[in-house]
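Asks: The structure follows.
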Amino acid sequence: MSDEAGQGRPQLPGTDAPLVAGELVLLLDRKGRRYLVTLEPGQEWHSHAGVVAHDELIGVLEGSSVRTGRGMEVTVLRPTREDFVLKMKRGAQVVYPKDQAMIVAAADIRPGATVVEAGAGSGALTLALLAAVGPNGHVVSFEHREDHAAVARRNVQRFLGEQPDNWRLELGDVVDHLGELRAHRVVLDLLEPWKVVAAAAAALPPGGIVLAYTPGVPQVMRFCDTLGEDGRFGDIRTFETLLRPWDVDGLAVRPAHRMVAHTAFLTTARRFPATAEGGPRRRRRKSDAFGRIDWAASDATRPTDGQ
Ligand SMILES: C[S@@+](CC[C@H](N)C(=O)[O-])C[C@H]1O[C@@H](n2cnc3c(N)ncnc32)[C@H](O)[C@@H]1O
């Protein structure tokens, strides 16, 4: 990345400054296809729509259009975080922007907070958490796979232009290390969040929030079951977010034909003191699953996905 006199450092989209060499840009074609490109003097961008010289884009304002050698119009913009996350290189499945926004809201992640997340995966959620905690907050991301950690680090550096001082990426199992930390929030996007419940209780002061992002119903059940059995969590809620895009074109205004129908469920819980330490009595649920489901037997039949 070019960095002479600050050149190539990522700028906020909408900043009143021409594009410079080294910047990451988004190219939009007439069909709405989107491409991420780093501007380099002398280089060319090739697609089936034709070729554009990077030099034609360096020095123009966001929103400017150029034509490829084949006459296709291409518009250049600085990428938003959403643009970046949807196009960046992935090691693991990312948390999509609709869920990132709900995670930030439901876990009340705000400026100055310390958030522990696991696993870092591709770093998509990491970017949302870093934005939400701001420069005075801290994010600690655990990732037990070296290859995924490398992708997460690269994506964060590519989007922010540096590895921020308030972000620590730890290579290792969150279960082994979380209990040694203190955090306001614990955000879990991993296969078996119930394994992290005891460590999350150790890391969170009373009032703190743990959130798990889980694609399947049995994962939600087991996470809630474990939170209940632990006895140090309450105000447990589960929900999902459906985002339905609409096409708006003249009088043709209707829901888009396609939508992502399901991503994952979000479960949040507040850390309470245990009953013996002044916390509320454990709530009995009508159809309590505690102790009724043989999770060990279910483990034996469940396929693993290498995570
Ligand atoms: C679905 S991905 C996370 C994606 C990430 N939230 C994002 O938006 O890019 C799950 C990640 O958790 C990691 N993981 C699973 N169990 C873990 C554990 N116990 N400790 C640390 N990382 C873990 C996996 O290696 C994987 O990279």
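Residue numbering restarts at 1 for every chain of the structure tokens, chains are lettered A, B, ... in their displayed order, and ligands are numbered from 1 as they appear.
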Give the residue list for ligand 1 at 9 Å, counting only C-alpha atoms and all ligand atoms, as an MDAnalysis selection string, sorted by chain and then by residue number.
Replies: chainID A and resid 85 90:96 100 117:128 141:149 152 170:176 187:193 195:196 213:214 306:307
Asks: Contacts between stretch 263-267 of chain A and stretch 95-132 of chain A, please, where a residue of stretch 95-132 of chain A counts if it comes within 10 Å (with only C-alpha atoms); show its shortest atom pair and distance in Å to one decimal, rows by chain and ascending number, as a tab-separated table.
Replies:
```
residue	atom	partner	partner_atom	distance
A:Val95	CA	A:Thr263	CA	8.3
A:Tyr96	CA	A:Thr263	CA	8.1
A:Lys98	CA	A:Thr263	CA	9.6
A:Asp99	CA	A:Ala264	CA	8.2
A:Met102	CA	A:Leu266	CA	8.4
A:Ile103	CA	A:Leu266	CA	7.5
A:Ala106	CA	A:Leu266	CA	8.6
A:Ala107	CA	A:Thr267	CA	9.5
```
Asks: Atoms to include: N, CA and C atoms. Write the selected residues as an mmCIF file, in the first residue's frame.
Replies:
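What ended up in selection-v5.cif:
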```
data_model
loop_
_atom_site.group_PDB
_atom_site.id
_atom_site.type_symbol
_atom_site.label_atom_id
_atom_site.label_comp_id
_atom_site.auth_asym_id
_atom_site.auth_seq_id
_atom_site.Cartn_x
_atom_site.Cartn_y
_atom_site.Cartn_z
ATOM 1 N N VAL A 95 -20.283 -12.931 9.618
ATOM 2 C CA VAL A 95 -21.553 -12.405 10.124
ATOM 3 C C VAL A 95 -21.963 -11.285 9.165
ATOM 4 N N TYR A 96 -23.167 -11.412 8.598
ATOM 5 C CA TYR A 96 -23.626 -10.420 7.630
ATOM 6 C C TYR A 96 -24.006 -9.108 8.308
ATOM 7 N N LYS A 98 -26.592 -7.244 8.461
ATOM 8 C CA LYS A 98 -27.863 -7.132 9.208
ATOM 9 C C LYS A 98 -27.697 -7.700 10.613
ATOM 10 N N ASP A 99 -26.931 -8.764 10.746
ATOM 11 C CA ASP A 99 -26.730 -9.371 12.064
ATOM 12 C C ASP A 99 -25.671 -8.615 12.866
ATOM 13 N N MET A 102 -27.498 -5.903 14.580
ATOM 14 C CA MET A 102 -28.312 -6.371 15.708
ATOM 15 C C MET A 102 -27.437 -6.823 16.867
ATOM 16 N N ILE A 103 -26.280 -7.374 16.565
ATOM 17 C CA ILE A 103 -25.365 -7.791 17.638
ATOM 18 C C ILE A 103 -24.919 -6.558 18.426
ATOM 19 N N ALA A 106 -28.130 -5.429 20.365
ATOM 20 C CA ALA A 106 -28.637 -6.336 21.405
ATOM 21 C C ALA A 106 -27.624 -6.534 22.532
ATOM 22 N N ALA A 107 -26.348 -6.481 22.208
ATOM 23 C CA ALA A 107 -25.333 -6.640 23.255
ATOM 24 C C ALA A 107 -24.905 -5.279 23.801
#
```
Asks: Residues near A:Val52, anyone? I mean within 9 Å using only C-alpha atoms, not counting same-chain ones fewer than 6 positions away, as JSON, numbers by chain.
Replies: {"A": [43, 44, 45, 46, 66, 67, 68, 69, 74]}
Asks: Measuring between only C-alpha atoms, which one of A:Trp295, A:Trp167, A:Phe233, A:Trp246 shows the shortest distance to A:Ala198?
Replies: A:Phe233
Asks: Would you list, as number ranges by chain, the residues of stretch 199-279 of chain A that end up in alpha helix (DSSP H) under DSSP run on this structure's backbone?
Replies: A: 199-203, 217-230
Asks: Once DSSP has gone over the backbone, tell me which residues of stretch 7-221 of chain A are in strand (DSSP E or B), as an MDAnalysis selection string.
Replies: chainID A and resid 24:29 34:38 44:47 50:53 65:67 73:77 114:118 138:143 167:171 185:188 209:214
Asks: Go ahead and compute the interatomic distance for atom CA of A:Asn155 and atom CA of A:Val197, in Å to one decimal.
Replies: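 It comes out at 28.4 Å.
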Asks: At a cut-off of 6 Å, using only C-alpha atoms, what residues contact A:Leu19? Leave out same-chain residues fewer than 3 positions from it and give the result as a ChimeraX atom specification.
Replies: /A:58-60
Asks: So how far away is atom CA of A:Gly63 from atom CA of A:Pro79, in Å?
Replies: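 Those two atoms sit 11.2 Å apart.
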